[in-house]
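Listing of input_30.csv; format and content: CSV, C-alpha atoms.
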chain,number,residue,atom,x,y,z
H,776,MET,CA,121.0,114.6,75.2
H,777,ILE,CA,119.6,115.2,71.7
H,778,LYS,CA,122.9,114.0,70.1
H,779,LYS,CA,121.4,110.5,69.7
H,780,PHE,CA,118.8,112.0,67.4
H,781,GLU,CA,121.2,114.2,65.4
H,782,LYS,CA,120.2,112.5,62.1
H,783,ILE,CA,116.5,113.4,62.5
H,784,LEU,CA,117.3,116.9,63.8
H,785,SER,CA,119.6,117.7,60.8
H,786,LYS,CA,116.8,117.1,58.3
H,787,LYS,CA,113.9,119.3,57.2
H,788,GLY,CA,111.1,117.7,59.2
H,789,PHE,CA,108.9,120.2,61.0
H,790,ALA,CA,108.7,120.3,64.8
H,791,HIS,CA,105.2,119.9,66.2
H,792,LEU,CA,105.3,122.4,69.0
H,793,ALA,CA,103.0,121.9,72.0
H,794,THR,CA,102.4,124.9,74.3
H,795,ILE,CA,100.0,125.5,77.2
H,796,MET,CA,97.1,127.8,76.9
H,797,ALA,CA,96.1,130.2,79.7
H,798,ASP,CA,93.4,127.6,80.8
H,799,GLY,CA,96.0,124.8,81.1
H,800,THR,CA,94.9,123.0,77.9
H,801,PRO,CA,97.4,122.1,75.2
H,802,GLN,CA,97.9,123.6,71.7
H,803,SER,CA,100.0,122.2,68.9
H,804,THR,CA,101.2,123.5,65.5
H,805,PRO,CA,104.0,122.5,63.1
H,806,VAL,CA,106.9,124.9,63.0
H,807,TRP,CA,110.3,125.3,61.5
H,808,PHE,CA,113.2,124.7,63.9
H,809,ASP,CA,117.0,124.4,64.1
H,810,VAL,CA,119.5,123.4,66.7
H,811,LYS,CA,122.2,125.5,68.3
H,812,ASP,CA,124.3,124.7,71.3
H,813,GLU,CA,122.0,121.7,72.1
H,814,LEU,CA,119.0,124.0,72.3
H,815,ILE,CA,116.0,123.7,69.9
H,816,GLN,CA,115.3,127.1,68.3
H,817,VAL,CA,111.9,128.1,66.9
H,818,ASN,CA,110.9,131.5,65.5
H,819,THR,CA,107.5,133.1,65.7
H,820,ALA,CA,106.1,136.6,65.6
H,821,ILE,CA,105.3,138.6,68.7
H,822,ASP,CA,101.7,138.2,70.0
H,823,ARG,CA,100.9,135.1,68.0
H,824,LEU,CA,99.2,132.4,70.1
H,825,LYS,CA,102.4,130.4,70.5
H,826,ASP,CA,104.3,133.5,71.6
H,827,ARG,CA,101.6,134.4,74.2
H,828,ASN,CA,101.5,130.9,75.5
H,829,MET,CA,105.3,130.5,75.8
H,830,ARG,CA,105.7,133.9,77.4
H,831,THR,CA,103.3,132.9,80.2
H,832,ARG,CA,104.4,129.2,80.5
H,833,SER,CA,107.8,128.1,79.6
H,834,ASP,CA,106.9,124.4,79.5
H,835,VAL,CA,106.8,123.0,75.9
H,836,ALA,CA,107.0,119.8,74.0
H,837,LEU,CA,108.1,119.0,70.5
H,838,SER,CA,107.8,115.9,68.4
H,839,ILE,CA,109.7,115.6,65.1
H,840,GLN,CA,109.5,112.9,62.5
H,841,ASP,CA,112.2,111.9,60.1
H,842,PRO,CA,110.8,113.1,56.8
H,843,ASP,CA,112.3,110.0,55.1
H,844,ASN,CA,110.8,107.6,57.6
H,845,PRO,CA,107.8,108.6,59.7
H,846,TYR,CA,108.5,105.7,62.2
H,847,SER,CA,111.7,107.4,63.2
H,848,TYR,CA,111.0,110.4,65.5
H,849,VAL,CA,112.2,112.3,68.5
H,850,ALA,CA,109.9,113.5,71.3
H,851,ILE,CA,111.3,116.3,73.5
H,852,ARG,CA,109.9,117.8,76.7
H,853,GLY,CA,111.6,121.0,77.7
H,854,LYS,CA,111.6,124.6,78.8
H,855,VAL,CA,112.0,127.9,77.1
H,856,GLU,CA,115.4,129.1,78.3
H,857,GLU,CA,115.5,132.3,76.3
H,858,ARG,CA,113.1,134.5,74.3
H,859,THR,CA,114.7,137.3,72.3
H,860,THR,CA,114.0,139.5,69.3
H,861,GLU,CA,117.8,139.9,68.9
H,862,GLY,CA,119.0,138.1,65.8
H,863,ALA,CA,115.4,136.9,65.1
H,864,ASP,CA,115.2,138.5,61.7
H,865,ASP,CA,118.4,136.8,60.6
H,866,HIS,CA,117.3,133.5,62.2
H,867,ILE,CA,114.1,133.4,60.2
H,868,ASP,CA,116.2,133.9,57.0
H,869,THR,CA,118.4,130.9,58.1
H,870,LEU,CA,115.2,128.8,58.5
H,871,ALA,CA,113.9,130.0,55.1
H,872,LYS,CA,117.3,128.8,53.7
H,873,LYS,CA,117.0,125.4,55.4
H,874,TYR,CA,113.3,124.8,54.5
H,875,LEU,CA,112.8,126.7,51.3
H,876,GLY,CA,116.3,127.0,49.9
H,877,MET,CA,115.7,130.8,49.8
H,878,GLU,CA,118.2,133.5,50.9
H,879,THR,CA,115.6,135.5,52.7
H,880,TYR,CA,112.3,134.7,54.4
H,881,PRO,CA,109.6,135.5,51.7
H,882,TYR,CA,106.6,136.1,54.1
H,883,ARG,CA,108.1,139.0,56.1
H,884,THR,CA,105.6,141.7,56.9
H,885,SER,CA,106.3,145.2,58.3
H,886,GLU,CA,103.7,144.7,61.0
H,887,GLU,CA,105.3,141.7,62.7
H,888,THR,CA,108.3,141.5,65.0
H,889,ARG,CA,110.1,138.1,64.9
H,890,VAL,CA,111.1,136.4,68.1
H,891,ILE,CA,113.4,133.4,68.7
H,892,TYR,CA,112.6,130.9,71.4
H,893,ARG,CA,115.5,128.7,72.6
H,894,ILE,CA,114.2,125.5,74.2
H,895,LYS,CA,116.3,123.4,76.5
H,896,PRO,CA,115.5,119.7,76.2
H,897,ILE,CA,114.7,118.1,79.6
H,898,ARG,CA,113.4,114.6,78.6
H,899,VAL,CA,114.1,113.2,75.2
H,900,SER,CA,112.8,109.9,73.8
H,901,GLY,CA,111.9,108.4,70.4
H,902,ILE,CA,113.1,106.0,67.8
H,903,GLU,CA,116.3,106.7,65.9
M,780,MET,CA,83.9,121.6,62.0
M,781,ILE,CA,86.7,119.4,60.7
M,782,LYS,CA,84.9,119.0,57.3
M,783,LYS,CA,87.0,121.8,55.9
M,784,PHE,CA,90.1,119.8,56.4
M,785,GLU,CA,88.7,116.5,55.0
M,786,LYS,CA,91.5,116.3,52.4
M,787,ILE,CA,94.3,116.3,54.9
M,788,LEU,CA,92.4,114.1,57.3
M,789,SER,CA,91.8,111.5,54.7
M,790,LYS,CA,95.5,111.0,54.0
M,791,LYS,CA,98.2,109.1,55.9
M,792,GLY,CA,99.9,111.9,57.7
M,793,PHE,CA,100.5,111.2,61.4
M,794,ALA,CA,98.8,113.2,64.1
M,795,HIS,CA,101.1,114.8,66.6
M,796,LEU,CA,99.2,114.3,69.8
M,797,ALA,CA,99.8,116.7,72.7
M,798,THR,CA,98.7,115.5,76.2
M,799,ILE,CA,99.2,117.0,79.6
M,800,MET,CA,101.5,115.4,82.2
M,801,ALA,CA,100.5,115.2,85.9
M,802,ASP,CA,102.7,118.3,86.6
M,803,GLY,CA,100.8,120.3,83.9
M,804,THR,CA,103.6,120.3,81.3
M,805,PRO,CA,102.9,119.1,77.8
M,806,GLN,CA,104.0,115.9,76.0
M,807,SER,CA,103.8,115.3,72.3
M,808,THR,CA,104.3,112.2,70.1
M,809,PRO,CA,103.3,111.2,66.5
M,810,VAL,CA,100.4,108.7,66.3
M,811,TRP,CA,98.2,107.0,63.8
M,812,PHE,CA,94.6,108.3,63.7
M,813,ASP,CA,91.4,108.1,61.8
M,814,VAL,CA,88.1,110.0,61.8
M,815,LYS,CA,84.7,108.6,62.7
M,816,ASP,CA,81.5,110.6,63.3
M,817,GLU,CA,83.5,113.8,63.3
M,818,LEU,CA,85.7,112.5,66.1
M,819,ILE,CA,89.4,111.9,65.8
M,820,GLN,CA,90.2,108.4,66.9
M,821,VAL,CA,93.7,107.4,68.2
M,822,ASN,CA,94.7,104.0,69.6
M,823,THR,CA,97.2,103.3,72.3
M,824,ALA,CA,98.0,100.6,74.9
M,825,ILE,CA,96.8,100.8,78.4
M,826,ASP,CA,99.2,102.4,80.9
M,827,ARG,CA,101.4,104.0,78.3
M,828,LEU,CA,102.3,107.6,79.1
M,829,LYS,CA,99.6,109.0,76.6
M,830,ASP,CA,97.0,106.7,78.2
M,831,ARG,CA,97.9,107.8,81.7
M,832,ASN,CA,97.8,111.4,80.7
M,833,MET,CA,94.5,111.3,78.9
M,834,ARG,CA,92.9,109.3,81.6
M,835,THR,CA,93.7,112.0,84.1
M,836,ARG,CA,93.3,115.1,81.8
M,837,SER,CA,90.9,114.9,78.8
M,838,ASP,CA,92.3,118.1,77.2
M,839,VAL,CA,94.4,117.3,74.1
M,840,ALA,CA,95.7,118.9,71.0
M,841,LEU,CA,96.6,117.4,67.6
M,842,SER,CA,98.4,118.9,64.6
M,843,ILE,CA,98.5,117.0,61.3
M,844,GLN,CA,100.4,118.0,58.2
M,845,ASP,CA,99.4,117.0,54.6
M,846,PRO,CA,102.0,114.4,53.7
M,847,ASP,CA,102.0,115.8,50.2
M,848,ASN,CA,102.5,119.5,51.3
M,849,PRO,CA,103.8,120.2,54.8
M,850,TYR,CA,102.5,123.8,54.6
M,851,SER,CA,99.0,122.5,54.6
M,852,TYR,CA,98.0,121.4,58.1
M,853,VAL,CA,95.2,121.2,60.6
M,854,ALA,CA,95.5,122.1,64.3
M,855,ILE,CA,92.8,120.8,66.6
M,856,ARG,CA,92.2,121.5,70.2
M,857,GLY,CA,89.7,119.1,71.8
M,858,LYS,CA,88.6,116.8,74.5
M,859,VAL,CA,88.6,113.1,74.9
M,860,GLU,CA,84.9,112.2,74.8
M,861,GLU,CA,85.3,108.4,75.1
M,862,ARG,CA,88.0,106.0,76.2
M,863,THR,CA,87.2,102.3,75.5
M,864,THR,CA,88.9,99.0,75.0
M,865,GLU,CA,85.8,97.8,73.1
M,866,GLY,CA,86.6,97.4,69.4
M,867,ALA,CA,90.2,98.6,70.1
M,868,ASP,CA,91.8,95.5,68.7
M,869,ASP,CA,89.8,95.8,65.5
M,870,HIS,CA,90.6,99.5,65.3
M,871,ILE,CA,94.4,99.0,65.5
M,872,ASP,CA,94.0,96.6,62.5
M,873,THR,CA,92.1,99.3,60.6
M,874,LEU,CA,94.9,101.7,61.3
M,875,ALA,CA,97.5,99.1,60.2
M,876,LYS,CA,95.5,98.8,57.0
M,877,LYS,CA,95.5,102.5,56.5
M,878,TYR,CA,99.1,103.2,57.3
M,879,LEU,CA,100.9,99.9,56.5
M,880,GLY,CA,98.6,98.3,54.0
M,881,MET,CA,98.5,95.2,56.2
M,882,GLU,CA,95.4,93.2,57.2
M,883,THR,CA,96.4,93.0,60.8
M,884,TYR,CA,98.6,95.1,63.2
M,885,PRO,CA,102.0,93.4,63.1
M,886,TYR,CA,103.3,94.7,66.5
M,887,ARG,CA,100.6,93.2,68.7
M,888,THR,CA,101.9,91.7,72.0
M,889,SER,CA,100.0,89.5,74.4
M,890,GLU,CA,101.0,91.8,77.3
M,891,GLU,CA,99.3,94.9,76.0
M,892,THR,CA,95.6,95.9,76.0
M,893,ARG,CA,94.7,98.3,73.2
M,894,VAL,CA,92.4,101.3,73.9
M,895,ILE,CA,90.7,103.8,71.6
M,896,TYR,CA,90.4,107.4,72.4
M,897,ARG,CA,87.7,109.4,70.7
M,898,ILE,CA,88.5,113.1,70.6
M,899,LYS,CA,85.9,115.8,70.0
M,900,PRO,CA,87.4,118.8,68.2
M,901,ILE,CA,86.6,122.1,70.0
M,902,ARG,CA,88.8,124.6,68.1
M,903,VAL,CA,90.0,123.9,64.6
M,904,SER,CA,92.4,126.0,62.6
M,905,GLY,CA,95.1,125.5,59.9
M,906,ILE,CA,95.7,125.9,56.2
M,907,GLU,CA,93.8,123.8,53.8
Mind turning this structure into structure tokens?
Amino acid sequence: MIKKFEKILSKKGFAHLATIMADGTPQSTPVWFDVKDELIQVNTAIDRLKDRNMRTRSDVALSIQDPDNPYSYVAIRGKVEERTTEGADDHIDTLAKKYLGMETYPYRTSEETRVIYRIKPIRVSGIE
Amino acid sequence: MIKKFEKILSKKGFAHLATIMADGTPQSTPVWFDVKDELIQVNTAIDRLKDRNMRTRSDVALSIQDPDNPYSYVAIRGKVEERTTEGADDHIDTLAKKYLGMETYPYRTSEETRVIYRIKPIRVSGIE
């Protein structure tokens, strides 16, 4: 379903991730992402606002612009299919490599535990 | 409240606007915006998905990156304070001027009626 937007999704644009607060209102922030097995993967730390929201409500939306052409974008509505700490430390390194060209994530702190969210696209639209 | 992020807000980054669907799930798309009287103004056409969502639920979120530094961003949670067609045609021209450097909006169609949403920021966070 996201195949059509492969070009945008292969680039280094950020995903603007919308989650739902406890009171039903939306929240949005830019995040790093990658794609694996047709799922959008994002990585956050346990107990951050996004983590608390997605733990409670699995419905999310993402919009991603082509960094080379802001009029090209993909808008995804989907559901968190998996939340796991397994592999999350390696995954944030993979994202640091993608976005920063660094071998390891430079902002790691001993206090935080990283967590991966795997998001299954349900509705996909946009402009290639 | 958004004064702190004046620099980002004065630039040509897009706002990723999250609205709530009828079923309570989020939706996100990149949109043009400007700021007037401390309100974030976006402009859409009547009966588009965003318009239908915001008409029903005034809770929205926006995240905007600095186009010159993606690690600088502002995240806004707010409420639609006003929805009006008055001045909306002029406003889309103002946005075309800001984003495209054109005097008039080039994608106008006779079928669509433009509408302005004025969004009052309630919670503002981010990295300057």
Checklist entry - So how many Å separate CA of Pro809 in chain M and CA of Asp838 in chain M, to one decimal? => result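 Those two atoms sit 16.8 Å apart.
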Checklist entry - Given the choices H:Asp809, H:Pro801, H:Pro842, H:Asp822, which gets closest to Gly792 in chain M if the distance is worked out from all atoms listed in the file? => result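 Of H:Asp809, H:Pro801, H:Pro842, H:Asp822, the one nearest Gly792 in chain M is H:Pro842, counting all atoms listed in the file.
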Next on the checklist: Quick one: residues within 9 Å of Arg898 in chain H, all atoms listed in the file, excluding same-chain residues fewer than 4 positions away - as a ChimeraX atom specification?
Outcome noted: /H:776,850-853
Keeping only C-alpha atoms, write those residues as a PDB file, in the coordinates of the input.
ATOM      1  CA  MET H 776     121.000 114.600  75.200  1.00  0.00           C
ATOM      2  CA  ALA H 850     109.900 113.500  71.300  1.00  0.00           C
ATOM      3  CA  ILE H 851     111.300 116.300  73.500  1.00  0.00           C
ATOM      4  CA  ARG H 852     109.900 117.800  76.700  1.00  0.00           C
ATOM      5  CA  GLY H 853     111.600 121.000  77.700  1.00  0.00           C
TER       6      GLY H 853
END
Checklist entry - Hey, can you check how far CA of Ser851 in chain M sits from CA of Ile906 in chain M? => result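 We find that CA of Ser851 in chain M and CA of Ile906 in chain M lie 5.0 Å from each other.
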Next on the checklist: What's around Glu860 in chain M at 10 Å? Count only C-alpha atoms, leave out sequence neighbours fewer than 5 positions away in its own chain, and write the answer as a PyMOL selection string.
Outcome noted: chain M and resi 818+837-838+896-900
Checklist entry - Which is closest to chain M among H:His866, H:Arg823, H:Lys787, H:Lys778, if we use all atoms listed in the file? => result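 Comparing H:His866, H:Arg823, H:Lys787, H:Lys778 against chain M, the winner is H:Lys787.
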How close does each residue of chain H get to chain M, giving the shortest atom pair and distance in Å to one decimal for every residue with an atom at most 9 Å away, counting all atoms listed in the file, sorted by chain and residue number, as a tab-separated table?
residue	atom	partner	partner_atom	distance
H:Gly788	CA	M:Pro849	CA	8.9
H:Phe789	CA	M:Pro849	CA	8.0
H:His791	CA	M:His795	CA	6.6
H:Leu792	CA	M:Ser807	CA	8.0
H:Ala793	CA	M:Ala797	CA	6.1
H:Thr794	CA	M:Pro805	CA	6.8
H:Ile795	CA	M:Pro805	CA	7.1
H:Gly799	CA	M:Gly803	CA	7.2
H:Thr800	CA	M:Asp838	CA	5.6
H:Pro801	CA	M:Ala840	CA	5.5
H:Gln802	CA	M:Ala840	CA	5.2
H:Ser803	CA	M:Ser842	CA	5.7
H:Thr804	CA	M:Ser842	CA	5.5
H:Pro805	CA	M:Ser842	CA	6.8
H:Arg832	CA	M:Thr804	CA	9.0
H:Asp834	CA	M:Thr804	CA	5.6
H:Val835	CA	M:Pro805	CA	5.8
H:Ala836	CA	M:Gln806	CA	5.3
H:Leu837	CA	M:Ser807	CA	6.0
H:Ser838	CA	M:Thr808	CA	5.4
H:Ile839	CA	M:Pro809	CA	7.9
H:Gln840	CA	M:Pro809	CA	7.6
H:Pro845	CA	M:Phe793	CA	7.9
H:Tyr846	CA	M:Pro809	CA	8.7
H:Tyr848	CA	M:Pro809	CA	7.8
H:Val849	CA	M:Thr808	CA	8.1
H:Ala850	CA	M:Thr808	CA	5.9
H:Ile851	CA	M:Ser807	CA	7.7
H:Arg852	CA	M:Gln806	CA	6.2
H:Gly853	CA	M:Thr804	CA	8.8
H:Gly901	CA	M:Thr808	CA	8.5
With C-alpha atoms retained, could you export that selection as a PDB file, keeping the file's coordinate frame?
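Output file selection-v2.pdb is given in full below:
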ATOM      1  CA  GLY H 788     111.100 117.700  59.200  1.00  0.00           C
ATOM      2  CA  PHE H 789     108.900 120.200  61.000  1.00  0.00           C
ATOM      3  CA  HIS H 791     105.200 119.900  66.200  1.00  0.00           C
ATOM      4  CA  LEU H 792     105.300 122.400  69.000  1.00  0.00           C
ATOM      5  CA  ALA H 793     103.000 121.900  72.000  1.00  0.00           C
ATOM      6  CA  THR H 794     102.400 124.900  74.300  1.00  0.00           C
ATOM      7  CA  ILE H 795     100.000 125.500  77.200  1.00  0.00           C
ATOM      8  CA  GLY H 799      96.000 124.800  81.100  1.00  0.00           C
ATOM      9  CA  THR H 800      94.900 123.000  77.900  1.00  0.00           C
ATOM     10  CA  PRO H 801      97.400 122.100  75.200  1.00  0.00           C
ATOM     11  CA  GLN H 802      97.900 123.600  71.700  1.00  0.00           C
ATOM     12  CA  SER H 803     100.000 122.200  68.900  1.00  0.00           C
ATOM     13  CA  THR H 804     101.200 123.500  65.500  1.00  0.00           C
ATOM     14  CA  PRO H 805     104.000 122.500  63.100  1.00  0.00           C
ATOM     15  CA  ARG H 832     104.400 129.200  80.500  1.00  0.00           C
ATOM     16  CA  ASP H 834     106.900 124.400  79.500  1.00  0.00           C
ATOM     17  CA  VAL H 835     106.800 123.000  75.900  1.00  0.00           C
ATOM     18  CA  ALA H 836     107.000 119.800  74.000  1.00  0.00           C
ATOM     19  CA  LEU H 837     108.100 119.000  70.500  1.00  0.00           C
ATOM     20  CA  SER H 838     107.800 115.900  68.400  1.00  0.00           C
ATOM     21  CA  ILE H 839     109.700 115.600  65.100  1.00  0.00           C
ATOM     22  CA  GLN H 840     109.500 112.900  62.500  1.00  0.00           C
ATOM     23  CA  PRO H 845     107.800 108.600  59.700  1.00  0.00           C
ATOM     24  CA  TYR H 846     108.500 105.700  62.200  1.00  0.00           C
ATOM     25  CA  TYR H 848     111.000 110.400  65.500  1.00  0.00           C
ATOM     26  CA  VAL H 849     112.200 112.300  68.500  1.00  0.00           C
ATOM     27  CA  ALA H 850     109.900 113.500  71.300  1.00  0.00           C
ATOM     28  CA  ILE H 851     111.300 116.300  73.500  1.00  0.00           C
ATOM     29  CA  ARG H 852     109.900 117.800  76.700  1.00  0.00           C
ATOM     30  CA  GLY H 853     111.600 121.000  77.700  1.00  0.00           C
ATOM     31  CA  GLY H 901     111.900 108.400  70.400  1.00  0.00           C
TER      32      GLY H 901
END
Checklist entry - What separation in Å, quoted to one decimal, exists between CA of Leu870 in chain H and CA of Ala820 in chain H? => result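 So the two atoms, CA of Leu870 in chain H and CA of Ala820 in chain H, lie 13.9 Å apart.
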Item to check | Selection near Asp868 in chain H, 8 Å with only C-alpha atoms, sequence-local residues under 6 positions removed, as a list of chain:residue names | outcome: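 Near neighbours after the sequence-gap exclusion: H:Met877, H:Glu878, H:Thr879, H:Tyr880.
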Item to check | Of the listed residues M:Glu907, M:Glu785, M:Asp845, M:Glu861, that which approaches Val821 in chain M most closely, counting only C-alpha atoms | outcome: M:Glu861
Checklist entry - Got a sec: who's within 12 Å of Asp865 in chain H, counting only C-alpha atoms, leaving out chain neighbours fewer than 3 positions off, as a list in words? => result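 Result of the neighbour search: Asn818, Thr860, Glu861, Gly862, Asp868, Thr869, Leu870, Ala871, Lys872, Glu878, Thr879, Tyr880, Arg883, Thr888, Arg889, Val890 and Ile891 of chain H.
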Item to check | Nearby residues (only C-alpha atoms) at most 10 Å from Lys873 in chain H, same-chain spacing under 6 positions excluded, as a list in words | outcome: Ser785, Lys786, Lys787, Trp807, Phe808, Asp809 and Ile867 of chain H
